[in-house]
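Since the structure comes first, as structure tokens, the remarks are kept for the end.
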Amino acid sequence: MESMEIRPIIRMGNPILRLKANAVEPEHAESLTTIIPDMIATMRDAGGVGLAAPQIGVSLRLMVFEVPVSRATNLDGDKPCDIQVLINPNFNPATSDKELGWEGCLSIPGLRGEVPRYKEITYTGFNGEGTPIETFASGFHARVVQHEMDHLDGILYPDRMIDLTRFGYVEEFTKMQEQSRSPDGDIKNGGANG
Ligand code: NI
């Protein structure tokens, strides 16, 4: 059993999060055998559902994510899935339609914002075994991949927001929801948390 190390997650303001990350090359293969398990352990420890390598200070085009049962819409392309490793990813929108959804980010703790994302995408890349993959994704699955892809290009979700009145502390939003008893979107659990 390989040892897994929980690594510190860097936060917004750290310039590493604003870099365009480097492509993973064959010379990185050995270091990935520790980086990938560490990313999974770090994501799990932080209670997230996605993590990009730059968030642990590693500027490589690599992400891990999952689609939990609680988030999956079960539509085509949005079934629950266990942790996926995606190396050198790219995506193309499969529709021009975007939808708003609440996101959080482990590098912006405590905050949530409503972010437009393509409803459907097709993404490519390599899995942890180096096998090429091509996957259609919709809903939450498409959202988490777009969120993590942005991390590889130095983009954070507030950059994508169109209405900053829909940006704030999750604790405050949650209080308001409880008072009004009219939840519009599941803010507390709705974040991509990647
Ligand atoms: Ni994030």
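Residues are named by chain letter and number: chains run A, B, ... in the order of the structure tokens, numbers start at 1 in each chain, and ligands are numbered from 1 in the order shown.
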Give me, as a VMD selection string, all polymer residues having an atom no more than 10 Å from Leu19 in chain A, counting only C-alpha atoms and skipping those fewer than 6 positions away in the same chain. chain A and resid 54 59 to 60 151 to 155
**Asked** Residues at most 10 Å from ligand 1, using only C-alpha atoms and all ligand atoms? Could they come as a ChimeraX atom specification?
**Response** /A:11-12,17,48-52,54-55,103-109,144,146-151,155-157,191-194
Practice problem: Identify, with DSSP run on backbone atoms, the residues in chain A assigned to strand (DSSP E or B), and express the list as a VMD selection string. | Solution: chain A and resid 22 50 to 52 60 62 to 67 81 to 93 98 to 103 111 to 118 120 to 126 132 to 138 167 to 169
If you take only C-alpha atoms and a cut-off of 8 Å, which residues of range 100-155 of chain A touch range 166-181 of chain A, and what are their nearest atom pairs and distances in Å to one decimal, in chain and number order, as CSV?
residue,atom,partner,partner_atom,distance
A:Gly110,CA,A:Tyr169,CA,5.6
A:Leu111,CA,A:Tyr169,CA,4.3
A:Arg112,CA,A:Gly168,CA,5.6
A:Gly113,CA,A:Phe167,CA,4.2
A:Glu114,CA,A:Arg166,CA,5.7
Selected residues written out, N, CA, C and O atoms, as an mmCIF file, in the first residue's frame:
data_model
loop_
_atom_site.group_PDB
_atom_site.id
_atom_site.type_symbol
_atom_site.label_atom_id
_atom_site.label_comp_id
_atom_site.auth_asym_id
_atom_site.auth_seq_id
_atom_site.Cartn_x
_atom_site.Cartn_y
_atom_site.Cartn_z
ATOM 1 N N GLY A 110 -15.150 28.603 2.558
ATOM 2 C CA GLY A 110 -16.233 29.319 3.242
ATOM 3 C C GLY A 110 -17.154 30.091 2.330
ATOM 4 O O GLY A 110 -18.193 30.571 2.774
ATOM 5 N N LEU A 111 -16.789 30.236 1.061
ATOM 6 C CA LEU A 111 -17.580 31.040 0.139
ATOM 7 C C LEU A 111 -18.255 30.166 -0.906
ATOM 8 O O LEU A 111 -17.812 29.043 -1.188
ATOM 9 N N ARG A 112 -19.357 30.692 -1.451
ATOM 10 C CA ARG A 112 -20.049 30.035 -2.556
ATOM 11 C C ARG A 112 -20.451 31.111 -3.554
ATOM 12 O O ARG A 112 -20.726 32.249 -3.172
ATOM 13 N N GLY A 113 -20.522 30.710 -4.796
ATOM 14 C CA GLY A 113 -20.973 31.642 -5.820
ATOM 15 C C GLY A 113 -21.729 30.911 -6.901
ATOM 16 O O GLY A 113 -21.530 29.705 -7.112
ATOM 17 N N GLU A 114 -22.592 31.655 -7.573
ATOM 18 C CA GLU A 114 -23.394 31.057 -8.633
ATOM 19 C C GLU A 114 -22.694 31.327 -9.970
ATOM 20 O O GLU A 114 -22.459 32.481 -10.329
#
Taken to one decimal, the CA of Met63 in chain A-CA of Ser3 in chain A distance is 19.2 Å
Which residues of range 123-147 of chain A come within 12 Å of range 35-42 of chain A, and for each one, what is the closest pair of atoms and their distance in Å to one decimal, counting only C-alpha atoms, sorted by chain and residue number, as a tab-separated table?
residue	atom	partner	partner_atom	distance
A:Asn127	CA	A:Ile36	CA	10.9
A:Gly128	CA	A:Ile36	CA	8.1
A:Glu129	CA	A:Ile36	CA	11.2
Output file for the residues above (N, CA, C and O atoms, as a compact mmCIF listing (two decimals), in the first residue's frame):
# COMPACT_ATOMS: atom_id res chain seq x y z
N ASN A 127 -6.52 8.73 -18.27
CA ASN A 127 -6.80 8.36 -16.89
C ASN A 127 -5.49 8.02 -16.17
O ASN A 127 -4.40 8.17 -16.74
N GLY A 128 -5.60 7.58 -14.92
CA GLY A 128 -4.43 7.32 -14.10
C GLY A 128 -3.54 6.21 -14.64
O GLY A 128 -2.36 6.13 -14.29
N GLU A 129 -4.10 5.36 -15.50
CA GLU A 129 -3.31 4.28 -16.10
C GLU A 129 -2.71 4.72 -17.44
O GLU A 129 -2.08 3.92 -18.13
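Considering only C-alpha atoms, the residue among A:Leu100, A:His141, A:Thr131, A:Phe91 positioned nearest to Ile162 in chain A is A:Leu100.
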Correct to one decimal, the distance CA of Glu99 in chain A-CA of Arg61 in chain A is 25.5 Å
Excluding Glu120 in chain A and any residue of its chain fewer than 6 positions from it, enumerate the residues within 9 Å of it, using only C-alpha atoms, and give them as an mmCIF file with all heavy atoms, in the first residue's frame.
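The result, written out as result_7.cif:
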data_model
loop_
_atom_site.group_PDB
_atom_site.id
_atom_site.type_symbol
_atom_site.label_atom_id
_atom_site.label_comp_id
_atom_site.auth_asym_id
_atom_site.auth_seq_id
_atom_site.Cartn_x
_atom_site.Cartn_y
_atom_site.Cartn_z
ATOM 1 N N GLY A 77 -24.889 11.230 -18.886
ATOM 2 C CA GLY A 77 -23.667 12.002 -18.658
ATOM 3 C C GLY A 77 -23.511 12.498 -17.240
ATOM 4 O O GLY A 77 -22.521 13.170 -16.938
ATOM 5 N N ASN A 92 -14.796 20.220 -24.976
ATOM 6 C CA ASN A 92 -15.568 21.005 -25.933
ATOM 7 C C ASN A 92 -17.003 21.040 -25.458
ATOM 8 O O ASN A 92 -17.543 20.012 -25.032
ATOM 9 C CB ASN A 92 -15.525 20.368 -27.322
ATOM 10 C CG ASN A 92 -14.173 20.565 -27.983
ATOM 11 O OD1 ASN A 92 -13.712 21.689 -28.163
ATOM 12 N ND2 ASN A 92 -13.523 19.464 -28.311
ATOM 13 N N PRO A 93 -17.640 22.208 -25.555
ATOM 14 C CA PRO A 93 -19.063 22.252 -25.230
ATOM 15 C C PRO A 93 -19.828 21.357 -26.203
ATOM 16 O O PRO A 93 -19.518 21.327 -27.387
ATOM 17 C CB PRO A 93 -19.444 23.717 -25.439
ATOM 18 C CG PRO A 93 -18.159 24.479 -25.454
ATOM 19 C CD PRO A 93 -17.112 23.525 -25.937
ATOM 20 N N ALA A 94 -20.820 20.627 -25.683
ATOM 21 C CA ALA A 94 -21.686 19.823 -26.544
ATOM 22 C C ALA A 94 -22.989 20.555 -26.830
ATOM 23 O O ALA A 94 -23.846 20.064 -27.558
ATOM 24 C CB ALA A 94 -21.960 18.464 -25.889
ATOM 25 N N THR A 95 -23.127 21.721 -26.229
ATOM 26 C CA THR A 95 -24.272 22.593 -26.456
ATOM 27 C C THR A 95 -23.785 24.006 -26.166
ATOM 28 O O THR A 95 -22.802 24.183 -25.436
ATOM 29 C CB THR A 95 -25.442 22.260 -25.509
ATOM 30 O OG1 THR A 95 -26.418 23.301 -25.594
ATOM 31 C CG2 THR A 95 -24.990 22.167 -24.067
ATOM 32 N N SER A 96 -24.455 24.998 -26.721
ATOM 33 C CA SER A 96 -24.090 26.375 -26.359
ATOM 34 C C SER A 96 -24.811 26.810 -25.085
ATOM 35 O O SER A 96 -24.530 27.879 -24.547
ATOM 36 C CB SER A 96 -24.421 27.334 -27.508
ATOM 37 O OG SER A 96 -25.794 27.253 -27.809
ATOM 38 N N ASP A 97 -25.729 25.966 -24.602
ATOM 39 C CA ASP A 97 -26.513 26.318 -23.408
ATOM 40 C C ASP A 97 -25.661 26.259 -22.152
ATOM 41 O O ASP A 97 -24.959 25.269 -21.908
ATOM 42 C CB ASP A 97 -27.689 25.343 -23.214
ATOM 43 C CG ASP A 97 -28.782 25.550 -24.239
ATOM 44 O OD1 ASP A 97 -28.708 26.549 -24.990
ATOM 45 O OD2 ASP A 97 -29.694 24.714 -24.284
ATOM 46 N N LYS A 98 -25.790 27.314 -21.357
ATOM 47 C CA LYS A 98 -25.153 27.301 -20.041
ATOM 48 C C LYS A 98 -26.248 27.316 -18.980
ATOM 49 O O LYS A 98 -27.381 27.713 -19.244
ATOM 50 C CB LYS A 98 -24.260 28.531 -19.875
ATOM 51 C CG LYS A 98 -23.026 28.489 -20.776
ATOM 52 C CD LYS A 98 -22.105 29.670 -20.490
ATOM 53 C CE LYS A 98 -20.834 29.568 -21.324
ATOM 54 N NZ LYS A 98 -19.919 30.698 -21.051
ATOM 55 N N PHE A 136 -18.675 11.959 -22.443
ATOM 56 C CA PHE A 136 -19.746 12.962 -22.474
ATOM 57 C C PHE A 136 -20.184 13.216 -21.039
ATOM 58 O O PHE A 136 -20.366 12.278 -20.263
ATOM 59 C CB PHE A 136 -20.927 12.445 -23.304
ATOM 60 C CG PHE A 136 -22.156 13.314 -23.202
ATOM 61 C CD1 PHE A 136 -22.232 14.507 -23.910
ATOM 62 C CD2 PHE A 136 -23.223 12.949 -22.386
ATOM 63 C CE1 PHE A 136 -23.359 15.326 -23.804
ATOM 64 C CE2 PHE A 136 -24.345 13.758 -22.277
ATOM 65 C CZ PHE A 136 -24.410 14.950 -22.988
ATOM 66 N N ALA A 137 -20.329 14.473 -20.678
ATOM 67 C CA ALA A 137 -20.748 14.804 -19.316
ATOM 68 C C ALA A 137 -21.790 15.902 -19.348
ATOM 69 O O ALA A 137 -21.750 16.799 -20.198
ATOM 70 C CB ALA A 137 -19.548 15.253 -18.487
ATOM 71 N N SER A 138 -22.713 15.828 -18.404
ATOM 72 C CA SER A 138 -23.736 16.865 -18.272
ATOM 73 C C SER A 138 -23.887 17.207 -16.792
ATOM 74 O O SER A 138 -23.293 16.563 -15.926
ATOM 75 C CB SER A 138 -25.063 16.367 -18.853
ATOM 76 O OG SER A 138 -25.585 15.324 -18.049
ATOM 77 N N GLY A 139 -24.651 18.233 -16.531
ATOM 78 C CA GLY A 139 -25.026 18.550 -15.152
ATOM 79 C C GLY A 139 -23.840 18.736 -14.227
ATOM 80 O O GLY A 139 -22.883 19.444 -14.549
ATOM 81 N N HIS A 141 -21.533 16.616 -13.301
ATOM 82 C CA HIS A 141 -20.301 16.036 -13.852
ATOM 83 C C HIS A 141 -19.618 17.055 -14.780
ATOM 84 O O HIS A 141 -18.409 17.304 -14.676
ATOM 85 C CB HIS A 141 -20.666 14.746 -14.592
ATOM 86 C CG HIS A 141 -19.505 13.924 -15.066
ATOM 87 N ND1 HIS A 141 -19.658 12.631 -15.494
ATOM 88 C CD2 HIS A 141 -18.187 14.210 -15.218
ATOM 89 C CE1 HIS A 141 -18.478 12.153 -15.870
ATOM 90 N NE2 HIS A 141 -17.573 13.088 -15.717
ATOM 91 N N ALA A 142 -20.401 17.675 -15.656
ATOM 92 C CA ALA A 142 -19.848 18.678 -16.569
ATOM 93 C C ALA A 142 -19.336 19.895 -15.792
ATOM 94 O O ALA A 142 -18.295 20.464 -16.124
ATOM 95 C CB ALA A 142 -20.913 19.114 -17.572
ATOM 96 N N ARG A 143 -20.066 20.265 -14.745
ATOM 97 C CA ARG A 143 -19.679 21.441 -13.952
ATOM 98 C C ARG A 143 -18.353 21.226 -13.238
ATOM 99 O O ARG A 143 -17.462 22.081 -13.263
ATOM 100 C CB ARG A 143 -20.786 21.760 -12.934
ATOM 101 C CG ARG A 143 -20.490 22.940 -11.998
ATOM 102 C CD ARG A 143 -21.737 23.329 -11.206
ATOM 103 N NE ARG A 143 -22.781 23.828 -12.096
ATOM 104 C CZ ARG A 143 -22.861 25.092 -12.545
ATOM 105 N NH1 ARG A 143 -21.976 26.001 -12.152
ATOM 106 N NH2 ARG A 143 -23.824 25.453 -13.364
#
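Checking A:Tyr118, A:Ile87, A:Trp102, A:Asn14 one by one against His28 in chain A, counting only C-alpha atoms, you find the shortest gap at A:Ile87.
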inquiry  = If DSSP is run on the backbone, what residues of chain A are helix (DSSP H, G or I)? A reply as a PyMOL selection string would be ideal.
reply    = chain A and resi 15-18+26-46+53-56+139-152+157-160+164-166+170-180+187-190
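Ranking A:Arg117, A:Arg7, A:Arg71, A:Arg160 by their shortest atom-to-atom distance to Gly57 in chain A, with only C-alpha atoms included, puts A:Arg7 first.
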